[in-house]
>>> print(open('structure-v8.cif').read())   # mmCIF, C-alpha atoms
data_run
loop_
_atom_site.label_atom_id
_atom_site.label_comp_id
_atom_site.auth_asym_id
_atom_site.auth_seq_id
_atom_site.Cartn_x
_atom_site.Cartn_y
_atom_site.Cartn_z
CA MET A 27 0.00 0.00 0.00
CA ILE A 28 1.44 3.33 -1.07
CA VAL A 29 0.27 6.88 -1.65
CA GLN A 30 1.25 8.19 -5.06
CA THR A 31 1.01 11.91 -5.79
CA CYS A 32 -0.17 13.05 -9.23
CA ILE A 33 1.09 16.59 -9.23
CA ASN A 34 -0.38 18.22 -12.34
CA GLY A 35 -2.10 16.09 -15.00
CA ALA A 36 -3.86 17.96 -17.79
CA ARG A 37 -4.99 20.80 -15.52
CA SER A 38 -4.53 24.39 -16.68
CA ALA A 39 -2.69 27.07 -14.73
CA ASP A 40 -5.91 28.64 -13.44
CA PHE A 41 -6.92 25.42 -11.61
CA HIS A 42 -4.68 26.12 -8.61
CA PRO A 43 -2.02 28.76 -7.89
CA ARG A 44 0.57 26.10 -7.00
CA LEU A 45 0.01 23.80 -9.97
CA PRO A 46 3.54 22.88 -11.17
CA LEU A 47 3.85 23.29 -14.94
CA ASP A 48 7.60 23.36 -15.65
CA ALA A 49 10.39 20.97 -14.75
CA ASP A 50 11.83 23.08 -11.95
CA ALA A 51 8.41 23.64 -10.38
CA MET A 52 7.65 19.92 -10.62
CA ALA A 53 10.95 19.07 -8.95
CA HIS A 54 10.33 21.53 -6.12
CA ASP A 55 6.77 20.29 -5.68
CA GLY A 56 7.85 16.67 -5.85
CA THR A 57 10.34 17.21 -3.03
CA ALA A 58 7.59 18.62 -0.81
CA CYS A 59 5.27 15.71 -1.63
CA VAL A 60 7.92 13.12 -0.80
CA ALA A 61 8.53 14.90 2.50
CA ALA A 62 4.77 14.69 3.14
CA GLY A 63 4.80 10.92 2.62
CA ALA A 64 4.43 10.29 -1.11
CA ALA A 65 6.07 7.01 -2.11
CA GLU A 66 5.90 7.80 -5.83
CA LEU A 67 5.25 10.73 -8.16
CA HIS A 68 3.12 10.74 -11.31
CA VAL A 69 3.70 13.70 -13.62
CA HIS A 70 2.65 15.04 -17.01
CA ALA A 71 5.66 16.64 -18.67
CA ARG A 72 5.14 20.02 -20.30
CA GLY A 73 6.83 21.67 -23.24
CA LEU A 74 8.25 25.16 -23.04
CA ASP A 75 4.82 26.44 -24.15
CA GLY A 76 3.24 24.89 -21.04
CA ARG A 77 1.35 22.23 -22.96
CA GLU A 78 1.51 18.52 -22.16
CA SER A 79 4.17 16.78 -24.21
CA LEU A 80 5.74 13.35 -24.65
CA ALA A 81 8.52 14.80 -26.80
CA PRO A 82 11.99 13.68 -25.64
CA GLU A 83 13.17 17.20 -24.89
CA ALA A 84 10.20 17.79 -22.55
CA MET A 85 10.24 14.34 -20.97
CA ASP A 86 14.01 14.18 -20.48
CA ARG A 87 14.10 17.62 -18.89
CA THR A 88 11.27 16.73 -16.49
CA VAL A 89 12.44 13.27 -15.46
CA PHE A 90 16.01 14.48 -14.95
CA ALA A 91 14.86 17.34 -12.72
CA LEU A 92 12.71 15.03 -10.61
CA ARG A 93 15.43 12.40 -10.26
CA ARG A 94 17.90 15.03 -9.10
CA ALA A 95 15.42 16.50 -6.60
CA CYS A 96 13.93 13.21 -5.37
CA PRO A 97 16.60 10.50 -5.56
CA GLY A 98 15.25 7.02 -4.96
CA THR A 99 11.63 8.01 -5.61
CA LEU A 100 9.84 6.17 -8.41
CA ILE A 101 8.73 8.51 -11.19
CA GLY A 102 5.77 7.73 -13.44
CA VAL A 103 4.40 9.54 -16.49
CA SER A 104 1.29 9.48 -18.64
CA THR A 105 1.07 8.26 -22.23
CA GLY A 106 -2.48 9.57 -22.77
CA ALA A 107 -3.41 9.61 -26.45
CA TRP A 108 -4.63 13.22 -26.22
CA ILE A 109 -1.13 14.47 -25.38
CA GLU A 110 0.37 13.98 -28.85
CA ASN A 111 -2.98 13.32 -30.52
CA ASP A 112 -1.28 10.91 -32.93
CA ASP A 113 -0.36 7.30 -32.18
CA GLY A 114 2.72 7.42 -34.41
CA ARG A 115 4.06 10.49 -32.61
CA THR A 116 3.39 8.85 -29.24
CA LEU A 117 5.38 5.74 -30.18
CA ALA A 118 8.19 7.79 -31.72
CA ALA A 119 8.41 9.93 -28.59
CA ILE A 120 8.72 6.90 -26.31
CA ALA A 121 11.46 5.49 -28.53
CA GLY A 122 13.38 8.77 -28.24
CA TRP A 123 13.37 9.21 -24.46
CA SER A 124 16.83 9.32 -22.88
CA GLU A 125 15.85 9.91 -19.26
CA LEU A 126 13.54 6.96 -18.68
CA PRO A 127 10.73 7.07 -16.12
CA ASP A 128 10.29 4.05 -13.88
CA TYR A 129 6.82 3.41 -15.24
CA ALA A 130 4.16 4.91 -17.49
CA SER A 131 0.39 4.68 -17.34
CA VAL A 132 -1.44 3.35 -20.40
CA ASN A 133 -5.18 3.80 -20.80
CA LEU A 134 -6.76 0.54 -21.95
CA SER A 135 -9.63 2.53 -23.46
CA GLU A 136 -7.26 3.86 -26.12
CA GLU A 137 -6.96 2.03 -29.43
CA ALA A 138 -3.17 1.91 -29.51
CA ALA A 139 -2.78 0.70 -25.91
CA PRO A 140 -1.22 -2.68 -26.88
CA GLU A 141 1.36 -1.00 -29.12
CA VAL A 142 2.18 1.59 -26.47
CA MET A 143 2.57 -1.14 -23.85
CA GLN A 144 4.89 -3.09 -26.12
CA SER A 145 6.99 0.01 -26.81
CA LEU A 146 7.35 0.66 -23.09
CA ARG A 147 8.30 -2.95 -22.40
CA GLN A 148 10.97 -2.83 -25.08
CA ARG A 149 12.51 0.15 -23.29
CA GLY A 150 12.37 -1.52 -19.88
CA ILE A 151 9.73 0.88 -18.55
CA GLY A 152 7.11 -0.51 -16.18
CA ILE A 153 3.45 -0.28 -17.13
CA GLU A 154 0.53 0.99 -15.07
CA ALA A 155 -2.50 -0.44 -16.85
CA GLY A 156 -5.22 2.21 -16.55
CA LEU A 157 -8.74 0.81 -16.26
CA ALA A 158 -11.72 3.15 -16.19
CA SER A 159 -14.43 0.63 -17.12
CA VAL A 160 -15.30 -3.05 -17.06
CA ALA A 161 -14.61 -3.13 -20.81
CA ASP A 162 -11.07 -1.87 -20.12
CA ALA A 163 -10.53 -4.66 -17.60
CA GLU A 164 -11.83 -7.28 -20.01
CA ARG A 165 -9.48 -5.99 -22.68
CA LEU A 166 -6.50 -6.14 -20.35
CA VAL A 167 -7.07 -9.79 -19.40
CA ARG A 168 -7.22 -10.71 -23.10
CA LEU A 169 -3.82 -9.19 -23.88
CA ASP A 170 -0.86 -11.54 -24.02
CA HIS A 171 1.26 -9.21 -21.88
CA GLY A 172 -1.60 -8.16 -19.63
CA ARG A 173 -0.20 -10.23 -16.77
CA GLN A 174 3.21 -8.59 -17.10
CA VAL A 175 2.18 -5.09 -16.06
CA LEU A 176 3.78 -3.47 -13.04
CA ARG A 177 0.47 -2.40 -11.56
CA ILE A 178 -3.22 -2.07 -12.32
CA LEU A 179 -4.59 1.46 -12.05
CA ILE A 180 -8.32 1.52 -11.36
CA GLU A 181 -9.28 5.10 -12.12
CA ILE A 182 -12.89 6.11 -11.72
CA GLY A 183 -14.30 9.10 -13.57
CA GLU A 184 -17.94 8.79 -12.49
CA GLN A 185 -18.85 11.48 -9.98
CA GLU A 186 -21.94 9.92 -8.40
CA PRO A 187 -20.67 7.79 -5.50
CA ASP A 188 -22.83 4.70 -6.03
CA ALA A 189 -22.15 4.65 -9.77
CA ALA A 190 -18.42 5.09 -9.16
CA LEU A 191 -18.37 2.26 -6.64
CA GLU A 192 -20.27 0.00 -9.04
CA VAL A 193 -17.68 0.54 -11.78
CA SER A 194 -14.82 -0.08 -9.35
CA ASN A 195 -16.39 -3.29 -8.08
CA GLY A 196 -17.05 -4.46 -11.63
CA ILE A 197 -13.42 -3.94 -12.64
CA ALA A 198 -12.17 -5.75 -9.53
CA ALA A 199 -14.51 -8.66 -10.26
CA VAL A 200 -13.16 -9.08 -13.80
CA LEU A 201 -9.58 -9.11 -12.52
CA GLU A 202 -10.43 -11.61 -9.78
CA ARG A 203 -12.20 -14.00 -12.16
CA ALA A 204 -9.20 -13.88 -14.48
CA GLY A 205 -6.81 -14.61 -11.63
CA MET A 206 -4.82 -11.49 -12.43
CA ARG A 207 -2.70 -10.98 -9.34
CA ARG A 208 -1.13 -7.58 -9.65
CA ALA A 209 -0.76 -4.64 -7.30
CA ILE A 210 -3.77 -2.34 -7.56
CA LEU A 211 -3.89 1.42 -7.20
CA LEU A 212 -7.39 2.89 -6.89
CA HIS A 213 -8.22 6.56 -7.28
CA GLY A 214 -11.15 8.78 -8.02
CA SER A 215 -11.40 12.35 -9.28
CA ASP A 216 -12.88 15.53 -7.87
CA ALA A 217 -15.98 14.40 -5.91
CA THR A 218 -14.75 10.82 -5.51
CA VAL A 219 -11.11 11.43 -4.52
CA TRP A 220 -11.53 10.89 -0.80
CA PRO A 221 -14.20 8.17 -0.88
CA PHE A 222 -11.80 6.13 -2.99
CA VAL A 223 -8.80 6.87 -0.77
CA HIS A 224 -10.84 5.34 2.05
CA ARG A 225 -11.94 2.48 -0.21
CA ALA A 226 -8.33 1.74 -1.14
CA ALA A 227 -7.31 1.70 2.52
CA GLU A 228 -10.13 -0.76 3.28
CA ARG A 229 -9.03 -3.08 0.46
CA ASN A 230 -5.31 -2.81 1.23
CA TRP A 231 -4.76 -1.23 -2.18
CA SER A 232 -2.59 1.73 -3.04
CA THR A 233 -4.07 5.10 -3.92
CA ARG A 234 -3.15 8.47 -5.33
CA VAL A 235 -4.07 12.09 -4.75
CA GLY A 236 -2.87 15.38 -6.15
CA LEU A 237 -3.93 18.32 -8.25
CA GLU A 238 -4.41 16.10 -11.30
CA ASP A 239 -7.32 14.45 -9.50
CA GLY A 240 -8.70 17.25 -7.35
CA LYS A 241 -7.81 20.21 -5.15
CA GLU A 242 -10.06 19.76 -2.11
CA LEU A 243 -9.07 18.27 1.22
CA PRO A 244 -11.35 15.76 2.98
CA ASP A 245 -13.15 18.61 4.80
CA GLY A 246 -14.01 20.30 1.49
CA THR A 247 -11.56 23.19 1.80
CA THR A 248 -9.08 23.94 -0.97
CA ALA A 249 -5.67 22.44 -0.28
CA SER A 250 -2.64 24.70 -0.15
CA GLY A 251 -0.94 22.36 -2.63
CA ASN A 252 0.02 18.83 -3.51
CA ASP A 253 1.91 18.31 -0.28
CA ALA A 254 -1.20 18.99 1.81
CA LEU A 255 -3.24 16.55 -0.29
CA THR A 256 -0.51 13.96 0.13
CA ALA A 257 -0.34 14.41 3.88
CA ALA A 258 -4.11 13.98 4.19
CA ALA A 259 -4.06 10.71 2.24
CA VAL A 260 -1.09 9.39 4.21
CA ALA A 261 -2.96 10.16 7.46
CA ILE A 262 -5.96 8.13 6.27
CA PHE A 263 -3.76 5.18 5.38
CA ARG A 264 -1.92 5.31 8.72
CA ALA A 265 -5.18 5.51 10.65
CA GLY A 266 -6.44 2.39 8.88
CA ARG A 267 -3.48 0.23 9.89
#
>>> encode(input="structure-v8.cif", output="structure tokens")
Amino acid sequence: MIVQTCINGARSADFHPRLPLDADAMAHDGTACVAAGAAELHVHARGLDGRESLAPEAMDRTVFALRRACPGTLIGVSTGAWIENDDGRTLAAIAGWSELPDYASVNLSEEAAPEVMQSLRQRGIGIEAGLASVADAERLVRLDHGRQVLRILIEIGEQEPDAALEVSNGIAAVLERAGMRRAILLHGSDATVWPFVHRAAERNWSTRVGLEDGKELPDGTTASGNDALTAAAVAIFRAGR
């Protein structure tokens, strides 16, 4: 069980005054999150124009800065299809990375997910298999290398609590029937962030929080930053032990 901090995601600068959008800001923020108890960091690299990018120059700059600031901390990145908006560019970018992340998340809802997973494996990069639906889970168990992923990321987008829980339970049921024994990280977004932190603690799963997923603390107030969100999640996990 770990708490991972997702420090920026696809959020825009106006989402929160401390949203880190360049490599130096991410490194500074990452250091604070690790001090608050984050075991890992998940980041979306940005180009010099502030937009998400998988391009080697953006990724290498970001991963290098984080490794220097947070030695020994696992660093993960996104491979979301919307970032490059072209499967060929996504695959070419991965092939060109020099500073390799420890793992990368791959959304099983995306058409090119198997090719992206294979590209990551060829580079020795771990895979977080992102599942947002029962259909995603069913696709993962059909893949030849589905059992070779580092971790399964159950990420729930539904905002109504009962509907979100139903999707989560459905995904878990598919994985259990298939006998897929992999570490699971469960997280929600916005309204479901904290219910799913508690759910993860109950199931002895890992979780994640951070400004990618939401900016409110459990009491509904706006967090001062990623480190405060991290500390709140760590406190929940410690209380459940």
>>> closest_residue(input="structure-v8.cif", among="A:Ser38, A:Ser131, A:Thr218, A:Ser159", to="Ala107 (chain A)", atoms="only C-alpha atoms")
A:Ser131
>>> residues_around(input="structure-v8.cif", residues="Ile33 (chain A)", least_positions_apart="3", cutoff="8 Å", atoms="all atoms listed in the file", output="PDB file with C-alpha atoms, keeping the file's coordinate frame")
ATOM      1  CA  LEU A  45       0.010  23.800  -9.970  1.00  0.00           C
ATOM      2  CA  PRO A  46       3.540  22.880 -11.170  1.00  0.00           C
ATOM      3  CA  MET A  52       7.650  19.920 -10.620  1.00  0.00           C
ATOM      4  CA  ASP A  55       6.770  20.290  -5.680  1.00  0.00           C
ATOM      5  CA  GLY A  56       7.850  16.670  -5.850  1.00  0.00           C
ATOM      6  CA  LEU A  67       5.250  10.730  -8.160  1.00  0.00           C
ATOM      7  CA  HIS A  68       3.120  10.740 -11.310  1.00  0.00           C
ATOM      8  CA  VAL A  69       3.700  13.700 -13.620  1.00  0.00           C
ATOM      9  CA  GLY A 236      -2.870  15.380  -6.150  1.00  0.00           C
ATOM     10  CA  LEU A 237      -3.930  18.320  -8.250  1.00  0.00           C
ATOM     11  CA  GLU A 238      -4.410  16.100 -11.300  1.00  0.00           C
ATOM     12  CA  ASN A 252       0.020  18.830  -3.510  1.00  0.00           C
TER      13      ASN A 252
END
>>> atom_distance(input="structure-v8.cif", atom1="CA of Trp231 (chain A)", atom2="CA of Ala65 (chain A)")
13.6 Å
>>> closest_residue(input="structure-v8.cif", among="A:Val103, A:Thr248, A:Val29, A:Glu181", to="Gly63 (chain A)", atoms="all atoms listed in the file")
A:Val29
>>> residues_around(input="structure-v8.cif", residues="region 202-212 of chain A", least_positions_apart="4", cutoff="7 Å", atoms="all atoms listed in the file", output="VMD selection string")
chain A and resid 167 173 177 to 181 198 222 226 231 to 233
>>> residues_near_point(input="structure-v8.cif", point="(8.5, 12.1, -26.4)", cutoff="8 Å", atoms="only C-alpha atoms", output="number ranges by chain")
A: 79-85, 115-116, 118-123
>>> closest_residue(input="structure-v8.cif", among="A:Gly196, A:Asn34, A:Arg264, A:Gly240", to="His224 (chain A)", atoms="only C-alpha atoms")
A:Arg264
>>> closest_residue(input="structure-v8.cif", among="A:Trp220, A:Asp188, A:Arg147, A:Val160", to="Val200 (chain A)", atoms="only C-alpha atoms")
A:Val160
>>> resolve_selection(input="structure-v8.cif", expression="the PyMOL selection byres ((chain A and resi 258) around 12)", output="ChimeraX atom specification")
/A:29,31,59,62-64,219-220,223-224,234-236,241-245,249-257,259-265
>>> resolve_selection(input="structure-v8.cif", expression="the PyMOL selection byres ((chain A and resi 49) around 7)", output="VMD selection string")
chain A and resid 47 to 48 50 to 53 87 to 88 91
>>> closest_residue(input="structure-v8.cif", among="A:Leu191, A:Ala36, A:Leu169, A:Val142", to="Asp112 (chain A)", atoms="all atoms listed in the file")
A:Val142
>>> decode(input="structure-v8.cif", residues="region 63-78 of chain A", atoms="N, CA and C atoms", output="compact mmCIF listing (two decimals), in the first residue's frame")
# COMPACT_ATOMS: atom_id res chain seq x y z
N GLY A 63 5.12 12.34 2.55
CA GLY A 63 4.80 10.92 2.62
C GLY A 63 4.54 10.23 1.31
N ALA A 64 4.65 10.93 0.19
CA ALA A 64 4.43 10.29 -1.11
C ALA A 64 5.52 9.26 -1.37
N ALA A 65 5.11 8.06 -1.77
CA ALA A 65 6.07 7.01 -2.11
C ALA A 65 6.49 7.11 -3.56
N GLU A 66 5.63 7.68 -4.41
CA GLU A 66 5.90 7.80 -5.83
C GLU A 66 5.31 9.11 -6.34
N LEU A 67 5.78 9.53 -7.51
CA LEU A 67 5.25 10.73 -8.16
C LEU A 67 4.81 10.39 -9.57
N HIS A 68 3.63 10.88 -9.94
CA HIS A 68 3.12 10.74 -11.31
C HIS A 68 3.01 12.13 -11.89
N VAL A 69 3.64 12.35 -13.05
CA VAL A 69 3.70 13.70 -13.62
C VAL A 69 3.33 13.67 -15.11
N HIS A 70 2.86 14.81 -15.59
CA HIS A 70 2.65 15.04 -17.01
C HIS A 70 3.66 16.10 -17.43
N ALA A 71 4.63 15.69 -18.21
CA ALA A 71 5.66 16.64 -18.67
C ALA A 71 5.03 17.73 -19.53
N ARG A 72 5.63 18.89 -19.51
CA ARG A 72 5.14 20.02 -20.30
C ARG A 72 6.26 20.56 -21.18
N GLY A 73 5.88 21.00 -22.37
CA GLY A 73 6.83 21.67 -23.24
C GLY A 73 7.06 23.08 -22.76
N LEU A 74 7.95 23.79 -23.44
CA LEU A 74 8.25 25.16 -23.04
C LEU A 74 7.05 26.08 -23.20
N ASP A 75 6.05 25.65 -23.99
CA ASP A 75 4.82 26.44 -24.15
C ASP A 75 3.80 26.13 -23.07
N GLY A 76 4.14 25.23 -22.13
CA GLY A 76 3.24 24.89 -21.04
C GLY A 76 2.26 23.77 -21.35
N ARG A 77 2.27 23.30 -22.59
CA ARG A 77 1.35 22.23 -22.96
C ARG A 77 1.94 20.86 -22.66
N GLU A 78 1.05 19.89 -22.38
CA GLU A 78 1.51 18.52 -22.16
C GLU A 78 2.29 18.04 -23.38
